Amino acid sequence: MDELSPLRLFIMRSAFVALALLILFFHLLPIDTQPVTLFAPELLPPLEQIDPAEARLRALLDQGTNRHLVGPDLLIAFAFAWSLRRPEYVPTLLLAVVFLMSDLMLQRPPGLWALLALLACENLKGRSRILRDSTFGAEWVAVAILLTGILLANRIVLFIMLVPAPQLRLGLLELGITVLIYPAVVFITRSVMGIRRAAPGELDALGGRA
Amino acid sequence: MAKDRSQPNEYTGPLRRLITAVLVVVLGAVFLLWRIDSPRVERFRAQVTDAVVPNLDWAMAPVTGAVNLLRDFQSYQRLSEQNQELRSELRRMQTWKEAALQLEQENARLLDLNNVRLDPRLTYVTGVVLADSGSPFRQSVLLNVGARDGVVEGWATMDGIGLVGRISGVGENTARVILLTDSSSRIPAVIQPSGQRAMISGDNSAAPPLDFLENPELVRPGDRVISSGDGGVFPAGLLIGQIAADPGGRLRVRLAADFERLEFLRVLRHHGTDTVINAPTIVSDAVPVAEERPVDVPAVTE
């Protein structure tokens, strides 16, 4: 019965906030100060031809730390994984505050991404009982569809509101990487954090309180 | 289990729907407010960042240090080879240094002869980079200097070599620098030696393209690009980079600043370019104006 106590509920909710803050913290570390080089055009003529000394200096200063790829959006992946497994650990208000905070810290238009992510999480919570009985594949597909939907809806709203939208190629890349990394996120959620789906006969966490 | 599904509990019930609806409305309102009154919301964002990020500094500094240490290990592999090359290069540089010193003295003498006064008000305050934008879509960094240090929105920011960006968003203890590479960055520039004026408009790539160039035929790859100071908020004469072209033929700027590692940045204090006032003082009395200042002298940053 330890699983169902209000104390555990509180601890797990705090754990989600801590996880979100940790992800934001690593996003904000000042180590990615250059643009992603994947789609960067090659510049002509090469620097060696115009200015050999400058080229030499750059080669010496080059740390081999070019930023080739974007990282996955771990925050939303974890929010999805938790919403599907234990909706009571990620209440709506908590999700809204966390997403709005991430909007503010990561220089996105505040509110829009938070709104879409919240709607997606609520959708998954509503489906958690159906998806509980099906395989992981179904869950993965649902998550991929929702992530794509968020991306599209975000762009459409920004377009309507005449706000310059972020680069589509980068967005698609981030989407693909997030979808690919999702099984790993679920694995960590299950095995390391111990967030599993409630077994069919089990009461959910609030059941103990009610 | 069948009972579970049919019975509305707190997660599917009307209360939850109500909470969700209220939150959706609130978040939508925040977005609309940002769209309508962007400066106010951005100020709020700067305040939130100002409250949060400096408090994380104790944790951020060691982690950043550790990450940089790991990165350095990669370059240790070619250390001895590099060392050899550098030694031989250093010998050649010694002769260049002598030449540079002589030129510097000559330059100082000539400046003195011509009575050139460099802008004394162009001083700088150096800040440490606390955080980056945190997202691959935006290119900005957060400095640990802010309104407390007199930093004002619009001031130019440099690393040791070239222009890095412009201050946009000032909190009490922090200031955000929109980098030249950000897609919202627009910097007026002039291309030497042809004197063509253009706009450097960032597009989230490492080499921002040139816009509004009058006569591209006069511009050749390798030409220097410096800030023009048009518009008055930005000092003139700061090195930005060199002209290059992409395979599509579009002219881009190979930036001089080292964006791979931004650690310390200089914020140049700039109090606006003086306007020339056409008062008839010269006609009315023959005494030249004592307060006269050079208006468009290329600013020297050191």
# chains A, B, ... in the order shown; residues from 1 in each chain; ligands from 1
>>> residues_around(residues="stretch 102-104 of chain A", least_positions_apart="5", cutoff="10 Å", atoms="only C-alpha atoms", output="NGL selection string")
(:A and (20-21 or 23-24 or 27 or 75 or 96-97 or 109-114)) or (:B and (41-42 or 44-46 or 48-49 or 134))
>>> residues_around(residues="B:Ser194", least_positions_apart="3", cutoff="8 Å", atoms="only C-alpha atoms", output="list in words")
Ile191, Leu218 and Val219 of chain B
>>> write_last_selection(atoms="N, CA and C atoms", output="CSV table (one decimal), in the first residue's frame")
chain,number,residue,atom,x,y,z
B,191,ILE,N,31.2,47.3,-46.5
B,191,ILE,CA,32.2,46.4,-46.9
B,191,ILE,C,33.4,47.2,-47.4
B,218,LEU,N,31.0,44.9,-57.1
B,218,LEU,CA,32.1,45.6,-56.5
B,218,LEU,C,32.7,44.8,-55.4
B,219,VAL,N,32.0,43.7,-55.0
B,219,VAL,CA,32.4,43.0,-53.7
B,219,VAL,C,33.1,41.7,-54.2
>>> select_by_dssp(residues="stretch 97-147 of chain B", states="strand (DSSP E)", output="VMD selection string")
chain B and resid 124 to 132 140 to 143
>>> write_last_selection(atoms="all heavy atoms", output="compact mmCIF listing (two decimals), in the first residue's frame")
# COMPACT_ATOMS: atom_id res chain seq x y z
N TYR B 124 34.31 49.62 -22.53
CA TYR B 124 33.51 48.39 -22.51
C TYR B 124 33.44 47.78 -21.13
O TYR B 124 34.25 48.10 -20.25
CB TYR B 124 34.04 47.38 -23.53
CG TYR B 124 35.48 46.97 -23.34
CD1 TYR B 124 35.84 46.04 -22.36
CD2 TYR B 124 36.46 47.49 -24.16
CE1 TYR B 124 37.15 45.66 -22.22
CE2 TYR B 124 37.78 47.12 -24.01
CZ TYR B 124 38.12 46.21 -23.04
OH TYR B 124 39.42 45.83 -22.89
N VAL B 125 32.45 46.93 -20.96
CA VAL B 125 32.35 46.14 -19.74
C VAL B 125 32.33 44.68 -20.18
O VAL B 125 31.70 44.33 -21.17
CB VAL B 125 31.08 46.52 -18.92
CG1 VAL B 125 29.86 46.57 -19.79
CG2 VAL B 125 30.86 45.56 -17.77
N THR B 126 33.12 43.86 -19.49
CA THR B 126 33.24 42.46 -19.91
C THR B 126 32.33 41.58 -19.08
O THR B 126 32.26 41.74 -17.86
CB THR B 126 34.70 42.00 -19.75
OG1 THR B 126 35.52 42.86 -20.49
CG2 THR B 126 34.87 40.59 -20.28
N GLY B 127 31.63 40.69 -19.76
CA GLY B 127 30.73 39.79 -19.06
C GLY B 127 31.09 38.34 -19.34
O GLY B 127 31.71 38.03 -20.36
N VAL B 128 30.69 37.47 -18.43
CA VAL B 128 30.89 36.04 -18.61
C VAL B 128 29.60 35.44 -19.15
O VAL B 128 28.51 35.83 -18.74
CB VAL B 128 31.24 35.37 -17.27
CG1 VAL B 128 31.45 33.88 -17.44
CG2 VAL B 128 32.47 36.01 -16.68
N VAL B 129 29.73 34.52 -20.09
CA VAL B 129 28.55 33.86 -20.65
C VAL B 129 28.00 32.88 -19.63
O VAL B 129 28.69 31.96 -19.21
CB VAL B 129 28.92 33.14 -21.95
CG1 VAL B 129 27.74 32.32 -22.44
CG2 VAL B 129 29.32 34.13 -23.01
N LEU B 130 26.75 33.11 -19.21
CA LEU B 130 26.14 32.24 -18.20
C LEU B 130 25.42 31.07 -18.83
O LEU B 130 25.47 29.95 -18.34
CB LEU B 130 25.10 33.04 -17.40
CG LEU B 130 25.58 33.98 -16.33
CD1 LEU B 130 24.37 34.60 -15.67
CD2 LEU B 130 26.39 33.25 -15.32
N ALA B 131 24.71 31.34 -19.92
CA ALA B 131 23.87 30.30 -20.52
C ALA B 131 23.70 30.61 -21.99
O ALA B 131 23.92 31.74 -22.42
CB ALA B 131 22.50 30.26 -19.83
N ASP B 132 23.32 29.61 -22.76
CA ASP B 132 22.98 29.88 -24.16
C ASP B 132 21.46 29.84 -24.30
O ASP B 132 20.74 29.78 -23.30
CB ASP B 132 23.70 28.92 -25.11
CG ASP B 132 23.32 27.48 -24.88
OD1 ASP B 132 22.28 27.25 -24.25
OD2 ASP B 132 24.06 26.59 -25.30
N SER B 140 21.43 32.79 -29.05
CA SER B 140 21.65 33.90 -28.15
C SER B 140 22.40 33.38 -26.93
O SER B 140 22.42 32.18 -26.68
CB SER B 140 20.32 34.53 -27.72
OG SER B 140 19.58 33.63 -26.95
N VAL B 141 23.05 34.28 -26.21
CA VAL B 141 23.68 33.90 -24.96
C VAL B 141 23.29 34.88 -23.87
O VAL B 141 22.84 35.99 -24.15
CB VAL B 141 25.23 33.85 -25.06
CG1 VAL B 141 25.68 32.75 -25.98
CG2 VAL B 141 25.78 35.18 -25.51
N LEU B 142 23.43 34.45 -22.64
CA LEU B 142 23.08 35.27 -21.50
C LEU B 142 24.36 35.68 -20.80
O LEU B 142 25.20 34.82 -20.48
CB LEU B 142 22.19 34.45 -20.56
CG LEU B 142 21.40 35.23 -19.54
CD1 LEU B 142 20.27 35.96 -20.24
CD2 LEU B 142 20.85 34.30 -18.50
N LEU B 143 24.55 36.98 -20.57
CA LEU B 143 25.75 37.47 -19.89
C LEU B 143 25.44 37.79 -18.44
O LEU B 143 24.29 38.07 -18.10
CB LEU B 143 26.26 38.74 -20.58
CG LEU B 143 26.77 38.61 -22.00
CD1 LEU B 143 27.31 39.95 -22.46
CD2 LEU B 143 27.84 37.57 -22.08
>>> atom_distance(atom1="atom CA of A:Phe159", atom2="atom CA of A:Leu172")
16.7 Å
>>> interface_residues(of="chain A", to="chain B", cutoff="7 Å", atoms="only C-alpha atoms", output="number ranges by chain")
A: 27-36, 40-45, 50, 63, 70, 92, 104-107, 109-112, 115, 126, 166-167, 200-201
>>> write_last_selection(atoms="N, CA and C atoms", output="CSV table (one decimal), in the first residue's frame")
chain,number,residue,atom,x,y,z
A,27,HIS,N,20.0,22.0,-21.1
A,27,HIS,CA,19.8,22.8,-22.3
A,27,HIS,C,20.5,24.1,-22.2
A,28,LEU,N,20.5,24.7,-21.0
A,28,LEU,CA,21.0,26.1,-20.9
A,28,LEU,C,22.5,26.2,-20.7
A,29,LEU,N,23.2,25.1,-20.5
A,29,LEU,CA,24.6,25.1,-20.3
A,29,LEU,C,25.2,25.9,-21.5
A,30,PRO,N,26.1,26.8,-21.3
A,30,PRO,CA,26.6,27.6,-22.4
A,30,PRO,C,27.7,26.8,-23.3
A,31,ILE,N,27.3,25.7,-23.8
A,31,ILE,CA,28.3,24.9,-24.6
A,31,ILE,C,27.8,24.8,-26.0
A,32,ASP,N,26.6,25.2,-26.3
A,32,ASP,CA,26.1,25.2,-27.7
A,32,ASP,C,25.9,26.6,-28.2
A,33,THR,N,27.0,27.3,-28.4
A,33,THR,CA,26.8,28.7,-28.8
A,33,THR,C,26.9,28.9,-30.3
A,34,GLN,N,27.0,27.8,-31.1
A,34,GLN,CA,27.1,28.0,-32.5
A,34,GLN,C,25.9,27.3,-33.2
A,35,PRO,N,25.5,27.7,-34.4
A,35,PRO,CA,24.4,27.1,-35.1
A,35,PRO,C,24.8,25.6,-35.5
A,36,VAL,N,23.7,24.9,-35.7
A,36,VAL,CA,23.9,23.5,-36.2
A,36,VAL,C,24.5,23.5,-37.6
A,40,ALA,N,24.4,23.7,-43.1
A,40,ALA,CA,25.2,24.9,-43.4
A,40,ALA,C,25.8,24.8,-44.8
A,41,PRO,N,25.6,25.8,-45.7
A,41,PRO,CA,26.2,25.7,-47.0
A,41,PRO,C,27.7,25.9,-46.9
A,42,GLU,N,28.4,25.2,-47.8
A,42,GLU,CA,29.9,25.3,-47.8
A,42,GLU,C,30.3,26.7,-48.4
A,43,LEU,N,31.2,27.3,-47.8
A,43,LEU,CA,31.5,28.7,-48.3
A,43,LEU,C,32.7,28.6,-49.3
A,44,LEU,N,32.5,29.4,-50.4
A,44,LEU,CA,33.5,29.5,-51.5
A,44,LEU,C,34.0,30.9,-51.6
A,45,PRO,N,35.3,31.2,-52.0
A,45,PRO,CA,36.3,30.1,-52.0
A,45,PRO,C,36.8,29.7,-50.6
A,50,ILE,N,42.2,32.7,-49.7
A,50,ILE,CA,42.1,34.1,-49.5
A,50,ILE,C,43.1,34.5,-48.4
A,63,GLN,N,38.3,23.1,-32.0
A,63,GLN,CA,38.4,22.0,-31.0
A,63,GLN,C,37.7,20.7,-31.5
A,70,VAL,N,20.9,18.3,-33.8
A,70,VAL,CA,20.2,18.8,-32.7
A,70,VAL,C,19.9,17.6,-31.8
A,92,THR,N,-2.4,18.1,-14.5
A,92,THR,CA,-2.5,19.1,-15.6
A,92,THR,C,-1.8,20.4,-15.2
A,104,LEU,N,9.5,29.9,-21.5
A,104,LEU,CA,10.2,31.2,-21.1
A,104,LEU,C,11.7,31.0,-21.2
A,105,MET,N,12.2,29.9,-20.7
A,105,MET,CA,13.6,29.8,-20.6
A,105,MET,C,14.3,29.5,-22.0
A,106,LEU,N,13.6,28.8,-22.9
A,106,LEU,CA,14.2,28.4,-24.1
A,106,LEU,C,13.8,29.4,-25.3
A,107,GLN,N,13.4,30.6,-25.0
A,107,GLN,CA,13.2,31.6,-26.0
A,107,GLN,C,12.2,31.3,-27.0
A,109,PRO,N,8.1,31.4,-28.3
A,109,PRO,CA,6.9,32.3,-28.0
A,109,PRO,C,6.2,31.7,-26.8
A,110,PRO,N,6.1,32.4,-25.7
A,110,PRO,CA,5.5,31.8,-24.5
A,110,PRO,C,4.1,31.4,-24.6
A,111,GLY,N,3.8,30.3,-24.2
A,111,GLY,CA,2.4,29.8,-24.1
A,111,GLY,C,2.0,28.9,-25.2
A,112,LEU,N,2.4,29.1,-26.4
A,112,LEU,CA,1.9,28.3,-27.5
A,112,LEU,C,2.3,26.9,-27.5
A,115,LEU,N,0.8,25.2,-24.5
A,115,LEU,CA,-0.6,24.8,-24.8
A,115,LEU,C,-0.7,23.6,-25.6
A,126,GLY,N,-6.0,10.5,-21.5
A,126,GLY,CA,-7.3,9.9,-21.8
A,126,GLY,C,-7.2,8.5,-22.4
A,166,PRO,N,10.2,28.8,-36.6
A,166,PRO,CA,11.6,28.3,-36.6
A,166,PRO,C,11.8,27.4,-37.9
A,167,GLN,N,13.1,27.2,-38.2
A,167,GLN,CA,13.4,26.4,-39.4
A,167,GLN,C,12.7,25.1,-39.4
A,200,PRO,N,-3.9,-4.0,-14.0
A,200,PRO,CA,-5.3,-3.9,-14.3
A,200,PRO,C,-6.2,-3.9,-13.0
A,201,GLY,N,-5.8,-4.7,-12.0
A,201,GLY,CA,-6.7,-4.8,-10.8
A,201,GLY,C,-6.4,-3.7,-9.8
>>> closest_residue(among="A:Val179, A:Leu170, A:Val90, A:Leu116", to="A:Gly149", atoms="only C-alpha atoms")
A:Leu116
>>> residues_around(residues="stretch 129-132 of chain A", least_positions_apart="6", cutoff="8 Å", atoms="only C-alpha atoms", output="list in words")
Leu84, Ala138, Glu139 and Arg197 of chain A; Arg5 of chain B
>>> write_last_selection(atoms="C-alpha atoms", output="tab-separated table (two decimals), in the first residue's frame")
chain	number	residue	atom	x	y	z
A	84	LEU	CA	0.76	7.35	-20.29
A	138	ALA	CA	0.85	1.26	-30.57
A	139	GLU	CA	2.09	3.68	-27.94
A	197	ARG	CA	1.55	1.25	-15.62
B	5	ARG	CA	-13.48	2.02	-17.55
>>> closest_residue(among="A:Leu152, A:Cys121, A:Ala59, A:Leu47", to="A:Ser83", atoms="only C-alpha atoms")
A:Cys121
